[in-house]
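A.B. asks: First the structure, then my questions, so here it is.
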Amino acid sequence: MDWTALFLSLRLAGWTVVILLPVSVLAGRCLAYRRFRGKGLVEALVMLPLVLPPTVFGFYLLVAFGRNSPAGDLWQGLFGQQLVFSFQGLVVASVIFNLPFAIQPAQRGFESVAADIRDAAACCGMSPLASLWKVELPLAWPGLMTAMVLTFAHTLGEFGIVLMVGGSIPGETRTIAIAIYDRVQAFDGRSAAIMSAVLVAISLFTISLTFWLSARVGRKLS
Amino acid sequence: MALEVMARAREPIPLDVAFRVEAGELLALVGHSGSGKTTILRSIAGLWRPDRARVTVGGTSWLDTSIGVNLPPHRRRVGIVFQNYALFPHMTAARNVIAAMDIPDRVEATRLLDLVNLHGLADRKPAQLSGGQQQRVAVARALARRPQALLLDEPFSAVDRATRERLHAEIIALRAHLSMPVVLVTHDVNEAQLLADRMVVIEKGQMIGSGTTAEVMADPDALRAMGVRELAALLPATLAEQLPDGLSRLEVATGSLFLPTVDAAPGTRVRVRIMAHEVILARTRPEGLSAQNILEGRVARIVPGAGPGVIVHVAVGRDEIVARITRRAAEQLSLQPGDSVHAILKTMSVARDHVARARLHPPGTAPSMP
């Protein structure tokens, strides 16, 4: 059992969720309530990571973050280390490939808040920020929670992009999914089986938690 | 603190209206669905901006496109009751009311909920309340904003008839506590006539008629827009007694009216909406007739209609009822202004929700809200 890899995966998933929560609130709300030119294109772009093979996506990220790329140079200049094959690089990649899992359910959550409820909030004297905090977030919360759980679970399981962008550096970029692959390559079936089982248990637990919490929220509202 | 509204727009519907509502006055915007009346209400609240518009309250501009003033809804002191109430589903009744306050005040919330006859339901969620109770919470929430203008968007359309009748009575009673201008949007002429002081009739975004409810009822253009079958008079009456056979006897200037049970104590002053097409006129007092209500009156004036009908205004004491009869009938009776006539009305032709209590305070004299 590679505990380092497990904790690395949990840390990666945690950071991804922390960064994507505000992103999904802003982007999901905007896509749910606003109408603007090119909205369809934006929605398509957000969905793109769902349909592209992870290797293709990982390849482009590798090129975009790599040495001599503008993003890679900027990162190198700011933090003195390269973005690819580092934990930070993994976080950035993870945030990007989880966009559809975070934004889509958040958008659905905000769409579930009827327009006249938002109008009522404004006419009750609530500023847009107060309306978001007191009315929209409590009502869109099941969607946001689904978004965060999906992001968390999906990050734990991601393999292709992690391998492309991060490689398999122990303690830096070797996640539990990569560790399982390594163990299988090394004919260590027992370790692979234990780690796979742990991953199944964690994923099942997080997903059950969502269902349980949404049912509770559903009961509270009716 | 009068509310003045001017709005013009081409999209999404052509709109051209201008009206003024005095403090304490209730103005009904009447029109069919799609006529633009809700759009006008939304412009007052700041939820929609017409191309050219001016909305002022007590001289302060909320919206003036000519000088680029446009306060967002949360900076306008407006209370609004939406058609489907739009209560916050995750909050209790009390918290819905508190949500509209500048400073949360649980005691004040309870007082407002009591004012709209919701005792002991403060901790219920909207889903646990009936339609009528939800409407009352919405009214209390609108008042909690301490609004300078109260806007009611078809607030009675989502409840059953019996509940609507009760809510009408409650709004009439509540008006003693309202000192701000009130705008009621409705497609129901009965509702407008019973509840409003003045009416504005809207058709395709244009003002077809405006004035006191009696003036609008006498305006042929407004009548055409509302539908001539809506023509009716409001006759003041006093409830005299409840009869054992399930009828109520009311006294009017020149006699008695027998109506289906009017739910009030003897002595209560009410107004009865008498539909013009239900009234029969006779030269002499008829006999052997099943109709229970025969009122003596005098022809005040005769207004020819566009079609085969004429409208006869009959003075009953100092009040008036209107009868819509055919031109042919008027000629056969050779009715002339000043003639004495008998107006005949079937008891069953007055619907229960066409009777409303008289207002306690005429417009302008309402005491201010505590």
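FYI, nothing fancy with the structure tokens labels: chains A, B, ... in order, residues from 1 per chain, ligands from 1 as they appear.
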Counting only C-alpha atoms, collect the residues of chain A whose closest atom lies at most 6 Å from chain B, and write them out as a list of chain:residue names.

C.D. replies: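 That gives the following set of residues: A:Asp116, A:Ile117, A:Ala122, A:Cys123, A:Cys124, A:Gly125, A:Met126, A:Ser127, A:Leu221, A:Ser222.
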
A.B. asks: Can I get the residues of range 218-304 of chain B within 10 Å of range 20-38 of chain B, each with the closest pair of atoms and their distance in Å to one decimal, using only C-alpha atoms, sorted chain first then ascending number, as a Markdown table?

C.D. replies:
```
| residue | atom | partner | partner_atom | distance |
| --- | --- | --- | --- | --- |
| B:Ala222 | CA | B:Val30 | CA | 9.8 |
| B:Ala225 | CA | B:Gly31 | CA | 7.7 |
| B:Met226 | CA | B:Gly31 | CA | 6.8 |
```

A.B. asks: Expressed in Å to a single decimal, how great is the separation between CA of Pro304 in chain B and CA of Asp353 in chain B?

C.D. replies: 29.2 Å

A.B. asks: Rounded to one decimal, what separation in Å do you get between CA of Ala197 in chain A and CA of Leu156 in chain A?

C.D. replies: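 These two atoms are separated by 13.0 Å.
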
A.B. asks: As a VMD selection string, please: every residue in range 15-206 of chain A that DSSP puts in helix (DSSP H, G or I).

C.D. replies: chain A and resid 15 to 33 39 to 51 54 to 65 70 to 79 87 to 97 99 to 111 115 to 123 128 to 157 160 to 166 176 to 185 189 to 206

A.B. asks: Give me every strand (DSSP E) residue in range 77-257 of chain B, going by DSSP on the backbone, as JSON, numbers by chain.

C.D. replies: {"B": [78, 79, 80, 81, 149, 150, 151, 152, 153, 182, 183, 184, 185, 186, 198, 199, 200, 201, 202, 203, 206, 207, 208, 209, 210, 211, 212, 232, 233, 234, 235, 236, 237, 238, 239, 240, 241, 242, 247, 248, 249, 250, 251, 252, 255, 256, 257]}

A.B. asks: Write out as a ChimeraX atom specification which residues come within 10 Å of range 65-71 of chain A when counting only C-alpha atoms, dropping same-chain ones fewer than 5 positions away.

C.D. replies: /A:59-60,76-77,82-85,89,92-93,165

A.B. asks: Store the residues of this selection in a file with N, CA and C atoms, as a compact mmCIF listing (two decimals), in the first residue's frame.

C.D. replies:
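Saved to part22.txt:
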```
# COMPACT_ATOMS: atom_id res chain seq x y z
N PHE A 59 -1.52 15.93 -23.74
CA PHE A 59 -0.48 16.33 -24.68
C PHE A 59 -0.48 17.84 -24.88
N TYR A 60 -1.69 18.40 -25.08
CA TYR A 60 -1.78 19.85 -25.30
C TYR A 60 -1.34 20.62 -24.05
N GLN A 76 7.96 29.67 -14.46
CA GLN A 76 9.37 29.54 -14.10
C GLN A 76 9.88 30.86 -13.51
N GLY A 77 9.48 31.98 -14.17
CA GLY A 77 9.91 33.30 -13.70
C GLY A 77 9.32 33.62 -12.33
N GLN A 82 9.78 24.52 -12.82
CA GLN A 82 8.94 24.31 -13.98
C GLN A 82 7.57 23.77 -13.58
N LEU A 83 6.62 24.02 -14.50
CA LEU A 83 5.23 23.68 -14.20
C LEU A 83 4.97 22.19 -14.48
N VAL A 84 5.54 21.68 -15.59
CA VAL A 84 5.31 20.27 -15.88
C VAL A 84 6.14 19.41 -14.93
N PHE A 85 5.67 18.20 -14.71
CA PHE A 85 6.33 17.24 -13.80
C PHE A 85 6.48 17.80 -12.39
N GLY A 89 1.87 21.81 -11.28
CA GLY A 89 1.43 21.57 -12.65
C GLY A 89 0.24 20.62 -12.68
N VAL A 92 -2.89 22.51 -11.69
CA VAL A 92 -3.40 23.33 -12.80
C VAL A 92 -4.09 22.44 -13.83
N ALA A 93 -3.46 21.34 -14.20
CA ALA A 93 -4.07 20.42 -15.18
C ALA A 93 -5.38 19.86 -14.64
N VAL A 165 1.21 14.89 -17.94
CA VAL A 165 1.69 16.19 -17.44
C VAL A 165 2.65 16.01 -16.27
```

A.B. asks: Please provide the set of residues having any atom within 9 Å of Val350 in chain B, restricted to only C-alpha atoms, with same-chain residues fewer than 5 positions apart removed, written as a VMD selection string.

C.D. replies: chain B and resid 259 to 260 272 to 275 278 345 355

A.B. asks: So which residues touch Ala109 in chain B within 6 Å, counting only C-alpha atoms, skipping near sequence neighbours fewer than 3 positions away, as a list in words?

C.D. replies: Ala94, Val97, Arg106 and Leu112 of chain B

A.B. asks: Store the residues picked out above in a file with N, CA, C and O atoms, as a short mmCIF file (atom, residue, chain, number, x, y, z; two decimals), in the first residue's frame.

C.D. replies:
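Writing the result to selection_13.cif gives the following:
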```cif
data_model
loop_
_atom_site.label_atom_id
_atom_site.label_comp_id
_atom_site.auth_asym_id
_atom_site.auth_seq_id
_atom_site.Cartn_x
_atom_site.Cartn_y
_atom_site.Cartn_z
N ALA B 94 -41.57 33.60 8.82
CA ALA B 94 -40.98 34.73 9.54
C ALA B 94 -39.67 35.17 8.88
O ALA B 94 -39.41 36.36 8.71
N VAL B 97 -40.15 37.19 5.83
CA VAL B 97 -40.50 38.57 6.13
C VAL B 97 -39.26 39.34 6.59
O VAL B 97 -39.00 40.46 6.14
N ARG B 106 -37.51 40.38 14.66
CA ARG B 106 -38.43 39.26 14.78
C ARG B 106 -39.81 39.72 15.28
O ARG B 106 -40.84 39.24 14.84
N LEU B 112 -46.29 41.93 11.55
CA LEU B 112 -46.75 41.97 10.16
C LEU B 112 -47.52 40.69 9.80
O LEU B 112 -48.53 40.74 9.11
#
```

A.B. asks: For Leu31 in chain A, please output as a list of chain:residue names all residues within 8 Å (counting only C-alpha atoms; exclusion window: fewer than 5 positions along the same chain).

C.D. replies: A:Lys39, A:Glu43, A:Gln107

A.B. asks: Using only C-alpha atoms, find the one residue out of B:Ala162, B:Ala149, B:Met217, B:Ala343 that sits nearest to Ala232 in chain B.

C.D. replies: B:Met217

A.B. asks: Have a look at A:Val46, A:Val135, A:Ala5, A:Leu129 and name the one nearest to Arg95 in chain B; count only C-alpha atoms.

C.D. replies: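 Ranked by minimum distance to Arg95 in chain B, first place goes to A:Val135.
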
A.B. asks: I'd like the contact shell of Ile280 in chain B - 9 Å cut-off, only C-alpha atoms, skipping same-chain residues fewer than 5 positions apart - returned as a PDB file with all heavy atoms, in the first residue's frame.

C.D. replies:
```pdb
ATOM      1  N   ALA B 323     -77.982  49.410 -16.669  1.00  0.00           N
ATOM      2  CA  ALA B 323     -78.631  48.283 -17.323  1.00  0.00           C
ATOM      3  C   ALA B 323     -78.232  48.310 -18.790  1.00  0.00           C
ATOM      4  O   ALA B 323     -78.226  49.377 -19.424  1.00  0.00           O
ATOM      5  CB  ALA B 323     -80.144  48.385 -17.182  1.00  0.00           C
ATOM      6  N   ARG B 324     -77.834  47.141 -19.307  1.00  0.00           N
ATOM      7  CA  ARG B 324     -77.537  47.072 -20.744  1.00  0.00           C
ATOM      8  C   ARG B 324     -78.703  46.346 -21.391  1.00  0.00           C
ATOM      9  O   ARG B 324     -78.918  45.159 -21.133  1.00  0.00           O
ATOM     10  CB  ARG B 324     -76.233  46.331 -20.979  1.00  0.00           C
ATOM     11  CG  ARG B 324     -75.693  46.498 -22.392  1.00  0.00           C
ATOM     12  CD  ARG B 324     -74.216  46.209 -22.447  1.00  0.00           C
ATOM     13  NE  ARG B 324     -73.939  44.803 -22.215  1.00  0.00           N
ATOM     14  CZ  ARG B 324     -73.914  43.883 -23.178  1.00  0.00           C
ATOM     15  NH1 ARG B 324     -74.120  44.231 -24.434  1.00  0.00           N
ATOM     16  NH2 ARG B 324     -73.664  42.624 -22.890  1.00  0.00           N
ATOM     17  N   ILE B 325     -79.477  47.089 -22.162  1.00  0.00           N
ATOM     18  CA  ILE B 325     -80.636  46.491 -22.836  1.00  0.00           C
ATOM     19  C   ILE B 325     -80.513  46.787 -24.320  1.00  0.00           C
ATOM     20  O   ILE B 325     -79.648  47.560 -24.746  1.00  0.00           O
ATOM     21  CB  ILE B 325     -81.969  47.059 -22.271  1.00  0.00           C
ATOM     22  CG1 ILE B 325     -82.029  48.585 -22.473  1.00  0.00           C
ATOM     23  CG2 ILE B 325     -82.107  46.727 -20.790  1.00  0.00           C
ATOM     24  CD1 ILE B 325     -83.366  49.201 -22.058  1.00  0.00           C
ATOM     25  N   HIS B 342     -88.454  50.593 -13.030  1.00  0.00           N
ATOM     26  CA  HIS B 342     -88.148  49.590 -12.032  1.00  0.00           C
ATOM     27  C   HIS B 342     -87.046  48.711 -12.574  1.00  0.00           C
ATOM     28  O   HIS B 342     -87.145  48.206 -13.693  1.00  0.00           O
ATOM     29  CB  HIS B 342     -89.397  48.762 -11.710  1.00  0.00           C
ATOM     30  CG  HIS B 342     -90.443  49.548 -11.001  1.00  0.00           C
ATOM     31  ND1 HIS B 342     -91.339  50.373 -11.668  1.00  0.00           N
ATOM     32  CD2 HIS B 342     -90.727  49.675  -9.679  1.00  0.00           C
ATOM     33  CE1 HIS B 342     -92.125  50.949 -10.788  1.00  0.00           C
ATOM     34  NE2 HIS B 342     -91.767  50.550  -9.565  1.00  0.00           N
ATOM     35  N   ALA B 343     -85.982  48.566 -11.782  1.00  0.00           N
ATOM     36  CA  ALA B 343     -84.875  47.706 -12.182  1.00  0.00           C
ATOM     37  C   ALA B 343     -85.060  46.361 -11.496  1.00  0.00           C
ATOM     38  O   ALA B 343     -85.287  46.305 -10.292  1.00  0.00           O
ATOM     39  CB  ALA B 343     -83.548  48.333 -11.774  1.00  0.00           C
ATOM     40  N   ILE B 344     -84.984  45.302 -12.291  1.00  0.00           N
ATOM     41  CA  ILE B 344     -85.251  43.960 -11.769  1.00  0.00           C
ATOM     42  C   ILE B 344     -83.970  43.140 -11.831  1.00  0.00           C
ATOM     43  O   ILE B 344     -83.260  43.151 -12.836  1.00  0.00           O
ATOM     44  CB  ILE B 344     -86.355  43.276 -12.601  1.00  0.00           C
ATOM     45  CG1 ILE B 344     -87.621  44.151 -12.549  1.00  0.00           C
ATOM     46  CG2 ILE B 344     -86.620  41.871 -12.109  1.00  0.00           C
ATOM     47  CD1 ILE B 344     -88.498  43.985 -13.742  1.00  0.00           C
ATOM     48  N   LEU B 345     -83.689  42.444 -10.734  1.00  0.00           N
ATOM     49  CA  LEU B 345     -82.437  41.705 -10.652  1.00  0.00           C
ATOM     50  C   LEU B 345     -82.691  40.364  -9.985  1.00  0.00           C
ATOM     51  O   LEU B 345     -83.270  40.294  -8.901  1.00  0.00           O
ATOM     52  CB  LEU B 345     -81.430  42.511  -9.827  1.00  0.00           C
ATOM     53  CG  LEU B 345     -80.051  41.918  -9.683  1.00  0.00           C
ATOM     54  CD1 LEU B 345     -79.314  42.000 -11.013  1.00  0.00           C
ATOM     55  CD2 LEU B 345     -79.289  42.636  -8.599  1.00  0.00           C
TER      56      LEU B 345
END
```

A.B. asks: Measuring atom to atom with only C-alpha atoms, identify which of A:Ser203, A:Ala179, A:Ile194, A:Gly80 is nearest to Thr155 in chain A.

C.D. replies: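 Going through A:Ser203, A:Ala179, A:Ile194, A:Gly80 one by one, the smallest distance to Thr155 in chain A is for A:Ser203.
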
A.B. asks: CA of Arg10 in chain B to CA of Gly205 in chain B: how many Å, to one decimal?

C.D. replies: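 Computing it gives 9.5 Å between the two atoms.
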